[in-house]
Amino acid sequence: MDGAHDMGGAKGFGPVVPEPNEPVFHGEWERRAFALTVAMSRPGGWNIDMSRFARENRPPEDYLSKSYFQIWLAGLETLMIERGLVTSEEIEAGKVLSPPKPDVKTLPPQDVVPTIRRGASTERPATSPALFAVGETVRMKEIHPQTHTRLPQYVRGHLGTIELNHGCHVFADLNSLGVGENPQWLYTVRFDGPELWGKDTDPTLSISVDAWESYLERA
Amino acid sequence: MTGHDHDHHDHHHHHDHDHSELSETELRVRALESILTEKGYVDPASLDLLIDLYEKKIGPRNGIRVVAKAWSDPAYHARLMKDATAAIAELDYSGRQGEHMVVVENTPEQHNMVVCTLCSCYPHPVLGLPPVWYKSAPYRSRAVSDPRGVLQDFGVALPETTKIRVWDSTAEIRYLVLPMRPKGTEGWSAEQLAELVTRDSMIGTGLPKQPGETA
């Protein structure tokens with residue numbers, strides 16, 4: 001989805017403003033919104049790609065006017081409403097108005113540290129040979145998926161070089177739709193700055209993205 | 001949503017903040033937590049543990065240990081460059097948002113910088129949760145098109161001939177920058193070297209401190 005979240009190369013956002021001695025969270029609501037989002041992924045049963053789509057799938061003015069954790073909160077509400085865990089009426093009223101969804105698993109305190117420490121590997125066994133070799137020139141497809149994608153707009157249509165092969169990984173675009181993991185070969189593809197931003201670009205610059213095989217075509 | 005205070009690079013404590021709106025969010029989160037608790041979906045004790053973990057255990061001090069060890073132990077450095085996930089796990093750091101680690105090493109010829117233009121991907125086990133600027137529109141938009149300008153925002157100027165290599169974390173691979181070991185640190189222990197490593201030097205928006213800079 002070509003949304004406001006896909007920011008690479010956008011103009012007009014101004015300078016980066018680091019905050020000296022920045023705390024991990026700015027206030028109690030950010031702490032709780034973060035922890036609720038992490039803890040609800042177990043009863044919710046959604047995957048990381050569904051979470052990302054729930055956050056980015058909103059009008060640009062909404063995405064750009066919310067702070068980071070406000071987007072997380074909005075994404076969490078969307079995911080829970082979609083699955084019938086809560087209703088939008090309950091969220092607006094701020095109180096329980098319907099019985100809980102039966103048979104949901106919660107994250108008990110004793111599982112917190114092991115769950116975070118384990119993480120969730122996205123690497124899967126390969127079922128076919130890799131189509132591209134390290135060092136090969138490839139072109140990024142000029143595609144505009146309507147749903148979740150991790151192919152940023154600023155590299156589409158451009159020529160790059162395969163720099164690393166990371167093995168087969170869960171394919172985010174399809175995983176976000178709940179139609180299975182459909183693992184694909186994942187590569188780091190490097191671009192020269194002038195290829196992406198024009199001939200006057202600093203020639204010392206190169207940029208890479210991590211791209212699944214179906215984002216690429218032979219150059 | 002009036003939104004005048006919501007530029008991603010802005011912070012919640014600025015003077016122009018619309019307090020009524022912040023309290024609306026605070027109330028919404030509080031109510032949501034009580035709904036989810038009452039429905040039996042979350043245990044508030046688990047929430048407290050998650051917050052404690054990310055505020056006290058998972059943070060840049062972990063990455064600092066990795067870098068200092070790589071600077072002081074050539075065999076570890078070799079393992080880190082070959083299989084970063086395994087080498088980082090040797091120091092007991094692993095898991096969520098660090099399942100597939102790659103370390104990129106700065107040299108006199110090339111400086112590395114890490115960004116996630118699409119959201120906020122960041123190597124949590126070694127750096128913790130990302131700072132606000134890392135998730136902000138100015139950084140996400142400009143890191144890939146004007147990294148030298150971004151470095152200037154951080155007060156960093158590199159030689160014009162140094163190649164700049166930007167890694168956009170668009171999948172589940174997470175990148176940690178191994179900065180250059182400062183000169184004049186020959187014979188220093190890993191503990192001494194750790195004093196020179198900064199969080200930003202492991203993202204690529206900063207450089208390590210120089211000997212004598214650590215007060």
# chains A, B, ... in the order shown; residues from 1 in each chain; ligands from 1

call {"tool": "select_by_dssp", "arguments": {"residues": "range 66-123 of chain A", "states": "helix (DSSP H, G or I)", "output": "JSON, numbers by chain"}}
result
{"A": [68, 69, 70, 71, 72, 73, 74, 75, 76, 77, 78, 79, 80, 81, 82, 88, 89, 90, 91, 92, 93, 109, 110, 111, 112, 113, 114, 115, 116, 117, 118]}

call {"tool": "write_last_selection", "arguments": {"atoms": "C-alpha atoms", "output": "JSON list (two decimals), in the first residue's frame"}}
result
[["chain", "number", "residue", "atom", "x", "y", "z"],
["A", 68, "TYR", "CA", 4.23, 6.92, 17.22],
["A", 69, "PHE", "CA", 2.47, 5.25, 20.15],
["A", 70, "GLN", "CA", -0.86, 6.81, 19.15],
["A", 71, "ILE", "CA", -0.46, 4.89, 15.88],
["A", 72, "TRP", "CA", 0.29, 1.74, 17.87],
["A", 73, "LEU", "CA", -2.85, 2.32, 19.94],
["A", 74, "ALA", "CA", -4.99, 2.87, 16.84],
["A", 75, "GLY", "CA", -3.49, -0.24, 15.22],
["A", 76, "LEU", "CA", -4.19, -2.32, 18.33],
["A", 77, "GLU", "CA", -7.80, -1.14, 18.43],
["A", 78, "THR", "CA", -8.26, -2.05, 14.76],
["A", 79, "LEU", "CA", -6.78, -5.54, 15.21],
["A", 80, "MET", "CA", -8.96, -6.26, 18.25],
["A", 81, "ILE", "CA", -12.16, -4.98, 16.67],
["A", 82, "GLU", "CA", -11.53, -7.00, 13.48],
["A", 88, "SER", "CA", -15.71, 0.03, 18.88],
["A", 89, "GLU", "CA", -18.64, 0.93, 21.17],
["A", 90, "GLU", "CA", -16.70, -0.50, 24.11],
["A", 91, "ILE", "CA", -13.60, 1.47, 23.20],
["A", 92, "GLU", "CA", -15.60, 4.70, 22.84],
["A", 93, "ALA", "CA", -17.56, 4.07, 26.06],
["A", 109, "PRO", "CA", 3.68, -13.27, 33.86],
["A", 110, "GLN", "CA", 5.94, -16.33, 33.84],
["A", 111, "ASP", "CA", 5.89, -16.36, 30.02],
["A", 112, "VAL", "CA", 6.91, -12.72, 29.54],
["A", 113, "VAL", "CA", 10.69, -13.02, 29.65],
["A", 114, "PRO", "CA", 10.89, -16.38, 27.79],
["A", 115, "THR", "CA", 8.57, -15.08, 25.04],
["A", 116, "ILE", "CA", 10.62, -11.94, 24.45],
["A", 117, "ARG", "CA", 13.93, -13.80, 24.73],
["A", 118, "ARG", "CA", 12.79, -16.40, 22.21]]

call {"tool": "residues_around", "arguments": {"residues": "Ser208 in chain A", "least_positions_apart": "3", "cutoff": "7 Å", "atoms": "only C-alpha atoms", "output": "ChimeraX atom specification"}}
result
/A:188-191 /B:166-168

call {"tool": "residues_around", "arguments": {"residues": "Leu131 in chain A", "least_positions_apart": "4", "cutoff": "12 Å", "atoms": "only C-alpha atoms", "output": "PyMOL selection string"}}
result
chain A and resi 126+136+138+162+165+167-168+184-187+212-218

call {"tool": "residues_around", "arguments": {"residues": "Val67 in chain B", "least_positions_apart": "2", "cutoff": "8 Å", "atoms": "only C-alpha atoms", "output": "PDB file with all heavy atoms, in the first residue's frame"}}
result
ATOM      1  N   GLY B  63      24.308  -3.570  23.539  1.00  0.00           N
ATOM      2  CA  GLY B  63      25.087  -3.378  22.316  1.00  0.00           C
ATOM      3  C   GLY B  63      26.479  -2.855  22.618  1.00  0.00           C
ATOM      4  O   GLY B  63      27.459  -3.211  21.941  1.00  0.00           O
ATOM      5  N   ILE B  64      26.579  -2.015  23.630  1.00  0.00           N
ATOM      6  CA  ILE B  64      27.883  -1.468  24.029  1.00  0.00           C
ATOM      7  C   ILE B  64      28.830  -2.598  24.427  1.00  0.00           C
ATOM      8  O   ILE B  64      30.008  -2.612  24.059  1.00  0.00           O
ATOM      9  CB  ILE B  64      27.693  -0.436  25.174  1.00  0.00           C
ATOM     10  CG1 ILE B  64      27.070   0.846  24.607  1.00  0.00           C
ATOM     11  CG2 ILE B  64      29.018  -0.154  25.897  1.00  0.00           C
ATOM     12  CD1 ILE B  64      26.622   1.856  25.655  1.00  0.00           C
ATOM     13  N   ARG B  65      28.304  -3.601  25.134  1.00  0.00           N
ATOM     14  CA  ARG B  65      29.146  -4.755  25.519  1.00  0.00           C
ATOM     15  C   ARG B  65      29.608  -5.518  24.282  1.00  0.00           C
ATOM     16  O   ARG B  65      30.745  -5.989  24.224  1.00  0.00           O
ATOM     17  CB  ARG B  65      28.361  -5.710  26.427  1.00  0.00           C
ATOM     18  CG  ARG B  65      28.495  -5.391  27.909  1.00  0.00           C
ATOM     19  CD  ARG B  65      27.909  -6.533  28.752  1.00  0.00           C
ATOM     20  NE  ARG B  65      28.693  -7.757  28.708  1.00  0.00           N
ATOM     21  CZ  ARG B  65      28.186  -8.981  28.886  1.00  0.00           C
ATOM     22  NH1 ARG B  65      26.890  -9.140  29.117  1.00  0.00           N
ATOM     23  NH2 ARG B  65      28.971 -10.039  28.855  1.00  0.00           N
ATOM     24  N   LYS B  69      33.553  -5.766  23.244  1.00  0.00           N
ATOM     25  CA  LYS B  69      34.174  -7.097  23.129  1.00  0.00           C
ATOM     26  C   LYS B  69      34.760  -7.297  21.732  1.00  0.00           C
ATOM     27  O   LYS B  69      35.865  -7.839  21.591  1.00  0.00           O
ATOM     28  CB  LYS B  69      33.140  -8.180  23.457  1.00  0.00           C
ATOM     29  CG  LYS B  69      33.743  -9.586  23.563  1.00  0.00           C
ATOM     30  CD  LYS B  69      32.746 -10.567  24.177  1.00  0.00           C
ATOM     31  CE  LYS B  69      33.244 -12.016  24.111  1.00  0.00           C
ATOM     32  NZ  LYS B  69      34.470 -12.254  24.873  1.00  0.00           N
ATOM     33  N   ALA B  70      34.034  -6.838  20.726  1.00  0.00           N
ATOM     34  CA  ALA B  70      34.545  -6.973  19.351  1.00  0.00           C
ATOM     35  C   ALA B  70      35.837  -6.170  19.168  1.00  0.00           C
ATOM     36  O   ALA B  70      36.739  -6.592  18.435  1.00  0.00           O
ATOM     37  CB  ALA B  70      33.489  -6.517  18.350  1.00  0.00           C
ATOM     38  N   TRP B  71      35.925  -5.023  19.827  1.00  0.00           N
ATOM     39  CA  TRP B  71      37.130  -4.189  19.723  1.00  0.00           C
ATOM     40  C   TRP B  71      38.328  -4.819  20.437  1.00  0.00           C
ATOM     41  O   TRP B  71      39.477  -4.553  20.083  1.00  0.00           O
ATOM     42  CB  TRP B  71      36.866  -2.818  20.358  1.00  0.00           C
ATOM     43  CG  TRP B  71      36.113  -1.851  19.486  1.00  0.00           C
ATOM     44  CD1 TRP B  71      35.816  -1.994  18.159  1.00  0.00           C
ATOM     45  CD2 TRP B  71      35.574  -0.580  19.894  1.00  0.00           C
ATOM     46  NE1 TRP B  71      35.120  -0.887  17.722  1.00  0.00           N
ATOM     47  CE2 TRP B  71      34.960  -0.005  18.761  1.00  0.00           C
ATOM     48  CE3 TRP B  71      35.544   0.116  21.110  1.00  0.00           C
ATOM     49  CZ2 TRP B  71      34.330   1.245  18.809  1.00  0.00           C
ATOM     50  CZ3 TRP B  71      34.920   1.350  21.151  1.00  0.00           C
ATOM     51  CH2 TRP B  71      34.317   1.916  20.008  1.00  0.00           C
ATOM     52  N   LEU B 178      29.069  -1.541  13.785  1.00  0.00           N
ATOM     53  CA  LEU B 178      30.279  -1.658  14.605  1.00  0.00           C
ATOM     54  C   LEU B 178      31.151  -0.448  14.284  1.00  0.00           C
ATOM     55  O   LEU B 178      31.739  -0.368  13.205  1.00  0.00           O
ATOM     56  CB  LEU B 178      31.012  -2.968  14.283  1.00  0.00           C
ATOM     57  CG  LEU B 178      32.334  -3.204  15.013  1.00  0.00           C
ATOM     58  CD1 LEU B 178      32.154  -3.201  16.523  1.00  0.00           C
ATOM     59  CD2 LEU B 178      32.971  -4.516  14.560  1.00  0.00           C
ATOM     60  N   PRO B 179      31.193   0.530  15.200  1.00  0.00           N
ATOM     61  CA  PRO B 179      31.975   1.736  14.904  1.00  0.00           C
ATOM     62  C   PRO B 179      33.467   1.435  14.928  1.00  0.00           C
ATOM     63  O   PRO B 179      33.898   0.370  15.375  1.00  0.00           O
ATOM     64  CB  PRO B 179      31.586   2.716  16.018  1.00  0.00           C
ATOM     65  CG  PRO B 179      30.891   1.922  17.065  1.00  0.00           C
ATOM     66  CD  PRO B 179      30.538   0.573  16.502  1.00  0.00           C
ATOM     67  N   ALA B 194      34.211   0.217  26.612  1.00  0.00           N
ATOM     68  CA  ALA B 194      32.749   0.364  26.658  1.00  0.00           C
ATOM     69  C   ALA B 194      32.350   1.807  26.963  1.00  0.00           C
ATOM     70  O   ALA B 194      31.311   2.288  26.497  1.00  0.00           O
ATOM     71  CB  ALA B 194      32.153  -0.588  27.697  1.00  0.00           C
ATOM     72  N   VAL B 197      31.643   3.884  23.787  1.00  0.00           N
ATOM     73  CA  VAL B 197      30.618   3.501  22.807  1.00  0.00           C
ATOM     74  C   VAL B 197      29.308   4.222  23.136  1.00  0.00           C
ATOM     75  O   VAL B 197      28.860   4.209  24.276  1.00  0.00           O
ATOM     76  CB  VAL B 197      30.387   1.974  22.818  1.00  0.00           C
ATOM     77  CG1 VAL B 197      29.419   1.574  21.711  1.00  0.00           C
ATOM     78  CG2 VAL B 197      31.698   1.218  22.675  1.00  0.00           C
TER      79      VAL B 197
END

call {"tool": "interface_residues", "arguments": {"of": "chain A", "to": "chain B", "cutoff": "6 Å", "atoms": "only C-alpha atoms", "output": "VMD selection string"}}
result
chain A and resid 5 to 10 13 to 16 18 29 35 65 to 67 94 to 96 100 106 109 116 to 119 121 150 204 to 210

call {"tool": "write_last_selection", "arguments": {"atoms": "N, CA and C atoms", "output": "compact mmCIF listing (two decimals), in the first residue's frame"}}
result
# COMPACT_ATOMS: atom_id res chain seq x y z
N HIS A 5 3.20 6.07 5.41
CA HIS A 5 4.27 5.45 6.20
C HIS A 5 5.52 5.23 5.37
N ASP A 6 5.38 5.19 4.05
CA ASP A 6 6.49 4.87 3.16
C ASP A 6 7.23 6.17 2.86
N MET A 7 8.19 6.50 3.74
CA MET A 7 8.70 7.88 3.79
C MET A 7 10.02 8.11 3.07
N GLY A 8 10.67 7.04 2.62
CA GLY A 8 12.02 7.20 2.06
C GLY A 8 12.07 8.22 0.94
N GLY A 9 12.87 9.27 1.10
CA GLY A 9 13.06 10.28 0.07
C GLY A 9 12.04 11.40 0.08
N ALA A 10 11.01 11.32 0.93
CA ALA A 10 10.02 12.40 0.99
C ALA A 10 10.68 13.70 1.43
N PHE A 13 10.06 17.42 5.65
CA PHE A 13 9.82 17.08 7.06
C PHE A 13 10.79 17.78 8.01
N GLY A 14 11.78 18.48 7.45
CA GLY A 14 12.67 19.27 8.31
C GLY A 14 13.80 18.46 8.92
N PRO A 15 14.54 19.09 9.84
CA PRO A 15 15.71 18.43 10.41
C PRO A 15 15.34 17.34 11.41
N VAL A 16 16.28 16.44 11.65
CA VAL A 16 16.14 15.44 12.71
C VAL A 16 16.48 16.14 14.02
N PRO A 18 17.26 15.24 17.70
CA PRO A 18 17.47 14.27 18.79
C PRO A 18 17.13 14.91 20.14
N TRP A 29 1.13 6.54 29.70
CA TRP A 29 0.26 5.96 28.67
C TRP A 29 1.07 5.28 27.58
N ALA A 35 3.00 -2.04 26.20
CA ALA A 35 2.87 -3.35 26.84
C ALA A 35 1.56 -4.03 26.42
N SER A 65 -0.54 12.83 11.72
CA SER A 65 -0.89 13.69 12.86
C SER A 65 -0.81 12.94 14.19
N LYS A 66 -0.67 11.63 14.12
CA LYS A 66 -0.58 10.86 15.35
C LYS A 66 0.89 10.68 15.75
N SER A 67 1.15 10.63 17.06
CA SER A 67 2.49 10.29 17.52
C SER A 67 2.68 8.77 17.33
N GLY A 94 -15.43 3.23 26.88
CA GLY A 94 -14.42 3.01 27.90
C GLY A 94 -14.83 1.99 28.94
N LYS A 95 -15.78 1.12 28.59
CA LYS A 95 -16.16 0.07 29.53
C LYS A 95 -16.67 -1.17 28.79
N VAL A 96 -16.69 -2.28 29.52
CA VAL A 96 -17.10 -3.55 28.93
C VAL A 96 -18.61 -3.53 28.68
N PRO A 100 -16.60 -11.50 27.03
CA PRO A 100 -15.33 -11.74 26.33
C PRO A 100 -15.47 -12.84 25.29
N THR A 106 -4.00 -16.02 27.21
CA THR A 106 -3.37 -14.78 27.66
C THR A 106 -1.87 -15.02 27.83
N PRO A 109 2.40 -13.90 33.49
CA PRO A 109 3.68 -13.27 33.86
C PRO A 109 4.89 -14.16 33.65
N ILE A 116 9.83 -13.01 25.06
CA ILE A 116 10.62 -11.94 24.45
C ILE A 116 12.00 -12.47 24.07
N ARG A 117 12.58 -13.27 24.97
CA ARG A 117 13.93 -13.80 24.73
C ARG A 117 13.97 -14.77 23.54
N ARG A 118 12.85 -15.44 23.31
CA ARG A 118 12.79 -16.40 22.21
C ARG A 118 12.60 -15.67 20.89
N GLY A 119 11.74 -14.65 20.89
CA GLY A 119 11.42 -13.95 19.65
C GLY A 119 10.67 -14.86 18.70
N SER A 121 11.61 -16.30 14.94
CA SER A 121 12.41 -16.36 13.72
C SER A 121 11.49 -16.39 12.51
N ARG A 150 6.48 -4.58 1.75
CA ARG A 150 7.72 -4.05 2.33
C ARG A 150 8.66 -3.60 1.22
N THR A 204 29.31 9.12 -3.37
CA THR A 204 29.82 8.21 -2.34
C THR A 204 28.68 7.47 -1.64
N LEU A 205 27.43 7.82 -1.99
CA LEU A 205 26.28 7.26 -1.28
C LEU A 205 25.79 5.97 -1.92
N SER A 206 25.56 4.94 -1.11
CA SER A 206 24.79 3.79 -1.58
C SER A 206 23.81 3.38 -0.49
N ILE A 207 22.73 2.77 -0.94
CA ILE A 207 21.60 2.47 -0.05
C ILE A 207 21.18 1.04 -0.34
N SER A 208 20.79 0.30 0.71
CA SER A 208 20.25 -1.03 0.43
C SER A 208 18.89 -1.20 1.08
N VAL A 209 18.10 -2.08 0.50
CA VAL A 209 16.88 -2.55 1.14
C VAL A 209 16.97 -4.07 1.21
N ASP A 210 16.15 -4.67 2.07
CA ASP A 210 16.04 -6.12 2.10
C ASP A 210 14.77 -6.48 1.32

call {"tool": "atom_distance", "arguments": {"atom1": "CA of Asn175 in chain A", "atom2": "CA of Arg52 in chain A"}}
result
11.0 Å

call {"tool": "residues_around", "arguments": {"residues": "Glu195 in chain B", "least_positions_apart": "5", "cutoff": "12 Å", "atoms": "only C-alpha atoms", "output": "list in words"}}
result
Arg61, Ile64, Arg65, Val67, Ala68, Arg181, Pro182, Thr185, Trp188, Ser189, Ala190, Pro208, Lys209, Gln210, Pro211, Gly212, Glu213, Thr214 and Ala215 of chain B

call {"tool": "write_last_selection", "arguments": {"atoms": "N, CA and C atoms", "output": "PDB file, in the first residue's frame"}}
result
ATOM      1  N   ARG B  61      23.071  -0.558  26.499  1.00  0.00           N
ATOM      2  CA  ARG B  61      24.226  -1.094  27.230  1.00  0.00           C
ATOM      3  C   ARG B  61      24.570  -2.496  26.747  1.00  0.00           C
ATOM      4  N   ILE B  64      26.579  -2.015  23.630  1.00  0.00           N
ATOM      5  CA  ILE B  64      27.883  -1.468  24.029  1.00  0.00           C
ATOM      6  C   ILE B  64      28.830  -2.598  24.427  1.00  0.00           C
ATOM      7  N   ARG B  65      28.304  -3.601  25.134  1.00  0.00           N
ATOM      8  CA  ARG B  65      29.146  -4.755  25.519  1.00  0.00           C
ATOM      9  C   ARG B  65      29.608  -5.518  24.282  1.00  0.00           C
ATOM     10  N   VAL B  67      30.049  -4.326  21.222  1.00  0.00           N
ATOM     11  CA  VAL B  67      31.053  -3.546  20.492  1.00  0.00           C
ATOM     12  C   VAL B  67      32.390  -3.577  21.227  1.00  0.00           C
ATOM     13  N   ALA B  68      32.360  -3.378  22.540  1.00  0.00           N
ATOM     14  CA  ALA B  68      33.614  -3.340  23.304  1.00  0.00           C
ATOM     15  C   ALA B  68      34.331  -4.689  23.230  1.00  0.00           C
ATOM     16  N   ARG B 181      37.144   1.597  16.300  1.00  0.00           N
ATOM     17  CA  ARG B 181      37.755   1.772  17.621  1.00  0.00           C
ATOM     18  C   ARG B 181      38.593   3.053  17.635  1.00  0.00           C
ATOM     19  N   PRO B 182      38.350   3.932  18.600  1.00  0.00           N
ATOM     20  CA  PRO B 182      39.097   5.197  18.606  1.00  0.00           C
ATOM     21  C   PRO B 182      40.595   4.976  18.761  1.00  0.00           C
ATOM     22  N   THR B 185      43.693   3.999  22.126  1.00  0.00           N
ATOM     23  CA  THR B 185      43.087   3.103  23.118  1.00  0.00           C
ATOM     24  C   THR B 185      43.814   1.754  23.162  1.00  0.00           C
ATOM     25  N   TRP B 188      43.620  -0.992  26.052  1.00  0.00           N
ATOM     26  CA  TRP B 188      42.465  -0.774  26.935  1.00  0.00           C
ATOM     27  C   TRP B 188      41.677  -2.079  27.092  1.00  0.00           C
ATOM     28  N   SER B 189      41.072  -2.243  28.264  1.00  0.00           N
ATOM     29  CA  SER B 189      40.218  -3.408  28.502  1.00  0.00           C
ATOM     30  C   SER B 189      38.853  -3.168  27.858  1.00  0.00           C
ATOM     31  N   ALA B 190      38.076  -4.255  27.746  1.00  0.00           N
ATOM     32  CA  ALA B 190      36.719  -4.120  27.207  1.00  0.00           C
ATOM     33  C   ALA B 190      35.900  -3.150  28.053  1.00  0.00           C
ATOM     34  N   PRO B 208      31.949   7.127  18.087  1.00  0.00           N
ATOM     35  CA  PRO B 208      32.291   6.854  19.493  1.00  0.00           C
ATOM     36  C   PRO B 208      32.989   8.067  20.104  1.00  0.00           C
ATOM     37  N   LYS B 209      32.964   8.124  21.425  1.00  0.00           N
ATOM     38  CA  LYS B 209      33.718   9.181  22.105  1.00  0.00           C
ATOM     39  C   LYS B 209      35.209   8.906  21.938  1.00  0.00           C
ATOM     40  N   GLN B 210      35.992   9.957  22.047  1.00  0.00           N
ATOM     41  CA  GLN B 210      37.447   9.825  21.988  1.00  0.00           C
ATOM     42  C   GLN B 210      37.983   9.694  23.404  1.00  0.00           C
ATOM     43  N   PRO B 211      39.165   9.065  23.563  1.00  0.00           N
ATOM     44  CA  PRO B 211      39.741   8.983  24.913  1.00  0.00           C
ATOM     45  C   PRO B 211      39.867  10.398  25.500  1.00  0.00           C
ATOM     46  N   GLY B 212      39.482  10.562  26.732  1.00  0.00           N
ATOM     47  CA  GLY B 212      39.527  11.885  27.343  1.00  0.00           C
ATOM     48  C   GLY B 212      38.189  12.594  27.292  1.00  0.00           C
ATOM     49  N   GLU B 213      37.277  12.124  26.393  1.00  0.00           N
ATOM     50  CA  GLU B 213      35.946  12.725  26.279  1.00  0.00           C
ATOM     51  C   GLU B 213      34.996  12.190  27.354  1.00  0.00           C
ATOM     52  N   THR B 214      35.395  11.082  27.987  1.00  0.00           N
ATOM     53  CA  THR B 214      34.510  10.471  28.987  1.00  0.00           C
ATOM     54  C   THR B 214      34.813  11.061  30.344  1.00  0.00           C
ATOM     55  N   ALA B 215      33.909  11.853  30.819  1.00  0.00           N
ATOM     56  CA  ALA B 215      34.130  12.491  32.119  1.00  0.00           C
ATOM     57  C   ALA B 215      33.645  11.572  33.226  1.00  0.00           C
TER      58      ALA B 215
END
